[in-house]
Each structure stands twice: as C-alpha cells, then as structure tokens.
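A.B. asks: If you scroll down you'll find the structure; I have some questions about it.
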Amino acid sequence: MSIDITPQLLRAWPLPMPAADADKEVRGHVLIVAGSREIPGAVLLAATAALRAGAGKLTIATAASVATGIAIAVPEARVIGLAETADGGLLAEHADSLGEACRKASAVLIGPGMQDEAASIALVRSLLPECADTALILDAGAMCIARDGWRFDGQVLLTPHAGEMAGLTGADKDDINAGPGAAARQAAQRWQATVALKGALTVIATADGRQWRHAGGNTGLAISGSGDVLAGLIAGLAARGAALEQAAAWGVALHAMAGEQLALRHGPLGYLAREISAEVPALLRAL
C-alpha cells in the first residue's frame with residue numbers, strides 16, 4: 001500500500017533541524033560528483049539545490065576542463081577537478097582527494113550531467129566502497145551500474161524516470177507508466193535500494209516493501225535540468241540527516257510545490273530549472 005505524500009504527512013514527518021547555535025558541520029556536508037565539459041550546468045543546478053535544501057557544506061568533483069568555471073559560479077563550494085576520457089567521462093584515477101571527500105561527506109550525489117557510460121560505471125564502482133557508510137544518491141548516468149542487476153549494500157537511492165527505468169530493467173516504458181507502483185517496488189527489491197520513480201505520479205519504494213506516492217507539480221517542471229535540481233534537493237536533505245526515503249519524499253514534494261509557485265508568477269510553461277531552487281527555503285519554512 002502506498003502512502004500519499006501530502007503537506008500533512010510532511011508536517012508529521014519533520015526533517016532534522018539543527019539547533020540555533022549549530023555550525024555548518026552539523027547541517028551536513030554534500031559531495032556532488034557530476035558534470036562534463038558539455039554539460040557543466042547540471043553540476044550548478046544540483047549544487048545550488050543542495051544548499052537551498054539546507055546543507056551546510058558542499059564539495060563538487062567535476063571535469064577538470066570546467067572546474068574553474070564551476071568554482072567561480074558556486075563560490076560556496078570546494079571544487080575538485082577530475083581527469084576526463086576522450087568522450088567526456090570522469091576518471092577517478094589518481095584522485096585521492098575524491099575518496100577522502102566521499103568518506104567525509106554526509107551524503108554523496110553522483111551522476112547529473114555525466115557522459116561516457118563505461119567511464120561512469122567505472123567511476124561509480126570505484127566510489128561505492130568509499131560511500132559504504134554514507135547516504136548515496138545515484139542519478140542520471142551513474143545509474144547505468146544497475147543495468148546488469150547490481151545489488152547494492154548500504155544506503156543507496158536511485159532516481160530514474162520511466163524511460164531510464166526501461167533502459168535499466170528491460171521493461172517496456174508504457175508498462176512502467178501504466179503501473180509505476182509495481183515497477184518501483186520490483187526495482188527496489190531487485191537492486192536492494194530505495195527507488196524514486198519520477199513522473200507525473202512519482203513513486204518511492206524501499207527494498208523492504210514500504211512505498212510512498214506523490215501526484216502534483218505541473219508541465220513546466222518537464223524541462224531540461226529539472227531532474228538535476230531534484231537530485232540536489234534530495235542530497236541536501238539527506239546531508240541534513242534525513243533517511244533516504246524521507247529525503248526523497250520531501251525533495252519530490254518541494255520540487256513540485258516550487259513548480260506550482262513559479263507557475264503562478266510565470267504561467268505553466270517557460271520558467272527555468274535554475275529558478276526552482278530559490279523557492280525552496282520559503283516552502284521549507286511554510287511546512
């Protein structure tokens with residue numbers, strides 16, 4: 001049975017809140033491993049969202065070719081430049097600071113804007129042991145590792161939409177859209193991970209059979225970069241200490257409500273993914 005994600009549910013399921021005298025360490029440290037020379041904006045979108053969700057510290061690991069620009073665009077972050085493949089993938093070789101950053105992080109997000117599937121799989125494989133005790137969110141290209149029936153150990157969340165779920169599982173996209181609850185539940189059990197199957201109806205399923213659903217938002221959220229923002233929101237909430245299923249539920253709801261607020265001002269279409277995060281602090285206060 002799925003539990004509906006409503007404002008009432010969220011108020012009864014409050015996020016961890018730091019004390020008034022807490023420092024940035026208490027608010028949590030997010031590591032985002034993402035981007036490429038062709039899609040550097042995905043890092044910016046996810047990073048901004050993680051901070052807007054309330055995380056206290058941010059480290060970004062991205063392609064060396066764009067690292068300086070990202071560091072200027074996100075002055076709140078420490079930025080690690082990673083070597084790249086010819087196809088724009090990220091390489092973890094000789095990046096000892098990346099493993100150290102994983103171990104220090106409260107939550108790790110891997111995937112937005114990454115290219116070169118083979119390189120992405122190799123990168124995730126190399127980082128999984130470093131994230132064994134850390135909340136780990138796999139998004140976009142980082143989810144490719146799950147295609148061969150990989151089973152995860154530890155705290156892992158995957159965030160596919162129906163098309164990505166079809167590519168990862170071999171199921172038909174239309175069948176997934178027709179039965180997202182069953183698709184999310186089966187994937188969560190198959191991968192032994194938490195799954196947020198995104199769509200007009202988003203379903204969050206855990207490996208132990210718990211399930212939540214959220215219907216809301218608007219067509220304007222179906223825009224390039226919107227998923228990067230959602231992944232960053234979830235990572236920021238997880239860094240604050242929320243369990244992955246709670247971070248996903250709150251992240252999905254905040255993302256949808258931000259879209260509703262933007263639609264009131266700009267209309268249902270035409271607002272930008274970069275504008276979503278700025279709505280979140282006020283929504284958090286209201287909830």
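In the structure tokens, the first chain shown is A, the next is B, and so on; residue numbers restart at 1 for each chain, and ligands run from 1 in the order shown.
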Enumerate, as a ChimeraX atom specification, the complete set of residues in range 154-239 of chain A that a backbone-based DSSP assignment places in strand (DSSP E).
C.D. replies: /A:156-158,194-197,201-205,211-215
A.B. asks: Please, could you write that set of residues out with N, CA and C atoms as a PDB file, in the first residue's frame?
C.D. replies:
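The result, stored in out.pdb:
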ATOM      1  N   VAL A 156      21.456   3.496  -0.448  1.00  0.00           N
ATOM      2  CA  VAL A 156      21.537   3.922  -1.848  1.00  0.00           C
ATOM      3  C   VAL A 156      20.137   4.250  -2.357  1.00  0.00           C
ATOM      4  N   LEU A 157      20.024   5.372  -3.070  1.00  0.00           N
ATOM      5  CA  LEU A 157      18.789   5.783  -3.717  1.00  0.00           C
ATOM      6  C   LEU A 157      19.053   5.976  -5.195  1.00  0.00           C
ATOM      7  N   LEU A 158      18.189   5.433  -6.054  1.00  0.00           N
ATOM      8  CA  LEU A 158      18.243   5.668  -7.491  1.00  0.00           C
ATOM      9  C   LEU A 158      17.024   6.469  -7.900  1.00  0.00           C
ATOM     10  N   THR A 194      16.671   1.965  -2.391  1.00  0.00           N
ATOM     11  CA  THR A 194      15.473   2.792  -2.463  1.00  0.00           C
ATOM     12  C   THR A 194      15.384   3.380  -3.866  1.00  0.00           C
ATOM     13  N   VAL A 195      14.188   3.396  -4.423  1.00  0.00           N
ATOM     14  CA  VAL A 195      13.980   3.866  -5.797  1.00  0.00           C
ATOM     15  C   VAL A 195      12.926   4.962  -5.785  1.00  0.00           C
ATOM     16  N   ALA A 196      13.233   6.082  -6.415  1.00  0.00           N
ATOM     17  CA  ALA A 196      12.249   7.139  -6.661  1.00  0.00           C
ATOM     18  C   ALA A 196      11.975   7.153  -8.155  1.00  0.00           C
ATOM     19  N   LEU A 197      10.864   6.558  -8.562  1.00  0.00           N
ATOM     20  CA  LEU A 197      10.481   6.506  -9.976  1.00  0.00           C
ATOM     21  C   LEU A 197       9.709   7.777 -10.304  1.00  0.00           C
ATOM     22  N   LEU A 201       3.116  11.049 -11.663  1.00  0.00           N
ATOM     23  CA  LEU A 201       2.951  10.348 -10.392  1.00  0.00           C
ATOM     24  C   LEU A 201       4.313   9.765 -10.042  1.00  0.00           C
ATOM     25  N   THR A 202       4.917  10.240  -8.970  1.00  0.00           N
ATOM     26  CA  THR A 202       6.216   9.729  -8.534  1.00  0.00           C
ATOM     27  C   THR A 202       5.999   8.723  -7.425  1.00  0.00           C
ATOM     28  N   VAL A 203       6.678   7.586  -7.537  1.00  0.00           N
ATOM     29  CA  VAL A 203       6.561   6.530  -6.537  1.00  0.00           C
ATOM     30  C   VAL A 203       7.931   6.287  -5.918  1.00  0.00           C
ATOM     31  N   ILE A 204       7.975   6.269  -4.603  1.00  0.00           N
ATOM     32  CA  ILE A 204       9.200   5.979  -3.854  1.00  0.00           C
ATOM     33  C   ILE A 204       9.018   4.636  -3.182  1.00  0.00           C
ATOM     34  N   ALA A 205       9.926   3.710  -3.441  1.00  0.00           N
ATOM     35  CA  ALA A 205       9.824   2.363  -2.885  1.00  0.00           C
ATOM     36  C   ALA A 205      11.137   1.980  -2.223  1.00  0.00           C
ATOM     37  N   GLN A 211       6.301   2.081   0.673  1.00  0.00           N
ATOM     38  CA  GLN A 211       6.071   2.809  -0.572  1.00  0.00           C
ATOM     39  C   GLN A 211       5.283   4.086  -0.316  1.00  0.00           C
ATOM     40  N   TRP A 212       5.682   5.158  -1.024  1.00  0.00           N
ATOM     41  CA  TRP A 212       5.015   6.450  -0.975  1.00  0.00           C
ATOM     42  C   TRP A 212       4.733   6.899  -2.406  1.00  0.00           C
ATOM     43  N   ARG A 213       3.759   7.767  -2.563  1.00  0.00           N
ATOM     44  CA  ARG A 213       3.427   8.272  -3.897  1.00  0.00           C
ATOM     45  C   ARG A 213       3.111   9.756  -3.812  1.00  0.00           C
ATOM     46  N   HIS A 214       3.455  10.467  -4.891  1.00  0.00           N
ATOM     47  CA  HIS A 214       3.186  11.899  -4.950  1.00  0.00           C
ATOM     48  C   HIS A 214       2.675  12.263  -6.333  1.00  0.00           C
ATOM     49  N   ALA A 215       1.526  12.910  -6.367  1.00  0.00           N
ATOM     50  CA  ALA A 215       0.966  13.428  -7.614  1.00  0.00           C
ATOM     51  C   ALA A 215       0.876  14.939  -7.473  1.00  0.00           C
TER      52      ALA A 215
END
A.B. asks: What's the 10 Å shell around range 136-142 of chain A, counting only C-alpha atoms, without same-chain residues fewer than 4 positions away, as a VMD selection string?
C.D. replies: chain A and resid 31 to 35 102 105 to 125 128 131 to 132 146 154 to 161 164 194 to 195 227 to 228 230 to 232 234 to 235 238 to 239 244 248
A.B. asks: In range 90-249 of chain A, what's alpha helix (DSSP H) per DSSP? Answer as a PyMOL selection string?
C.D. replies: chain A and resi 96-104+117-127+162-169+173-178+180-191+226-239+244-249
A.B. asks: I'd like the contact shell of Ala71 in chain A - 12 Å cut-off, only C-alpha atoms, skipping same-chain residues fewer than 2 positions apart - returned as a list in words.
C.D. replies: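 Neighbouring residues, sequence-local ones excluded: Pro40, Val43, Leu44, Ala47, Leu58, Thr59, Ile60, Ala61, Thr62, Ala63, Ala64, Ser65, Val66, Ala67, Thr68, Gly69, Ala73, Val74, Pro75, Glu76, Ala77, Arg78, Val79, Ile80 and Gly81 of chain A.
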A.B. asks: Quick one: write out the picked residues with C-alpha atoms as a PDB file, in the first residue's frame?
C.D. replies:
ATOM      1  CA  PRO A  40      28.606  21.624 -16.752  1.00  0.00           C
ATOM      2  CA  VAL A  43      26.504  20.496 -11.504  1.00  0.00           C
ATOM      3  CA  LEU A  44      25.472  24.083 -10.906  1.00  0.00           C
ATOM      4  CA  ALA A  47      24.781  22.129  -6.150  1.00  0.00           C
ATOM      5  CA  LEU A  58      29.478  21.480  -0.331  1.00  0.00           C
ATOM      6  CA  THR A  59      32.218  19.755  -2.303  1.00  0.00           C
ATOM      7  CA  ILE A  60      31.986  19.317  -6.070  1.00  0.00           C
ATOM      8  CA  ALA A  61      34.024  16.897  -8.170  1.00  0.00           C
ATOM      9  CA  THR A  62      33.695  17.568 -11.880  1.00  0.00           C
ATOM     10  CA  ALA A  63      35.590  17.628 -15.163  1.00  0.00           C
ATOM     11  CA  ALA A  64      38.907  19.446 -14.872  1.00  0.00           C
ATOM     12  CA  SER A  65      38.113  21.386 -18.056  1.00  0.00           C
ATOM     13  CA  VAL A  66      35.169  23.140 -16.380  1.00  0.00           C
ATOM     14  CA  ALA A  67      36.219  23.030 -12.718  1.00  0.00           C
ATOM     15  CA  THR A  68      37.435  26.628 -12.576  1.00  0.00           C
ATOM     16  CA  GLY A  69      34.206  27.959 -14.048  1.00  0.00           C
ATOM     17  CA  ALA A  73      29.822  30.047 -10.257  1.00  0.00           C
ATOM     18  CA  VAL A  74      29.480  28.276  -6.882  1.00  0.00           C
ATOM     19  CA  PRO A  75      31.808  30.166  -4.528  1.00  0.00           C
ATOM     20  CA  GLU A  76      30.398  28.272  -1.543  1.00  0.00           C
ATOM     21  CA  ALA A  77      31.949  25.008  -2.778  1.00  0.00           C
ATOM     22  CA  ARG A  78      35.301  23.302  -2.733  1.00  0.00           C
ATOM     23  CA  VAL A  79      35.860  22.036  -6.288  1.00  0.00           C
ATOM     24  CA  ILE A  80      37.942  19.012  -7.317  1.00  0.00           C
ATOM     25  CA  GLY A  81      38.934  18.724 -10.977  1.00  0.00           C
TER      26      GLY A  81
END
A.B. asks: Interatomic distance between CA of Pro14 in chain A and CA of Ala242 in chain A?
C.D. replies: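 Between these atoms lies a distance of 9.1 Å.
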A.B. asks: Measure the distance from CA of Ala200 in chain A to CA of Ala53 in chain A in Å and round it to one decimal.
C.D. replies: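 Interatomic distance, CA of Ala200 in chain A to CA of Ala53 in chain A: 22.1 Å.
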A.B. asks: Write out as a PyMOL selection string which residues come within 8 Å of Gly236 in chain A when counting only C-alpha atoms, dropping same-chain ones fewer than 6 positions away.
C.D. replies: chain A and resi 28+30+49-55+107
A.B. asks: Just write the chosen residues, C-alpha atoms, as a PDB file, in the first residue's frame.
C.D. replies:
ATOM      1  CA  GLY A  28      25.773  18.253   6.830  1.00  0.00           C
ATOM      2  CA  VAL A  30      27.265  17.188   0.453  1.00  0.00           C
ATOM      3  CA  ALA A  49      19.607  22.911  -4.853  1.00  0.00           C
ATOM      4  CA  ALA A  50      21.620  21.059  -2.198  1.00  0.00           C
ATOM      5  CA  LEU A  51      22.487  24.342  -0.491  1.00  0.00           C
ATOM      6  CA  ARG A  52      18.933  25.663  -0.783  1.00  0.00           C
ATOM      7  CA  ALA A  53      17.755  22.462   0.928  1.00  0.00           C
ATOM      8  CA  GLY A  54      19.812  23.459   3.947  1.00  0.00           C
ATOM      9  CA  ALA A  55      23.103  21.569   3.708  1.00  0.00           C
ATOM     10  CA  ALA A 107      25.592  12.500   1.560  1.00  0.00           C
TER      11      ALA A 107
END
A.B. asks: Distance CA of Thr169 in chain A-CA of His255 in chain A, one decimal place?
C.D. replies: 26.1 Å
A.B. asks: Fewer than 3 positions away in the same chain doesn't count, so skip those; otherwise give me all residues within 10 Å of Leu10 in chain A, counting only C-alpha atoms, as number ranges by chain.
C.D. replies: A: 5-7, 13-15, 246, 249-250, 253, 287
A.B. asks: Restricting the output to C-alpha atoms, write the selected residues as a compact mmCIF listing (two decimals), in the first residue's frame.
C.D. replies:
# COMPACT_ATOMS: atom_id res chain seq x y z
CA ILE A 5 2.84 12.46 0.20
CA THR A 6 0.87 15.50 1.35
CA PRO A 7 1.74 18.61 3.36
CA TRP A 13 7.45 13.61 9.38
CA PRO A 14 9.67 16.61 10.16
CA LEU A 15 13.18 16.97 8.79
CA GLN A 246 12.34 10.83 3.78
CA ALA A 249 9.62 12.29 -0.24
CA TRP A 250 10.39 15.83 0.91
CA ALA A 253 7.15 17.45 -2.76
CA LEU A 287 5.95 23.38 6.04
A.B. asks: Out of A:Gly99, A:Gly56, A:Gly149, A:Gly88, which residue has the shortest atom-to-atom distance to Pro18 in chain A when counting only C-alpha atoms?
C.D. replies: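 Selected residue with least distance to Pro18 in chain A: A:Gly56.
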A.B. asks: Smallest atom-to-atom distance to Arg265 in chain A: which of A:Glu279, A:Ala193, A:Trp150, A:Pro16, using only C-alpha atoms?
C.D. replies: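 That would be A:Glu279, the residue with the smallest distance to Arg265 in chain A.
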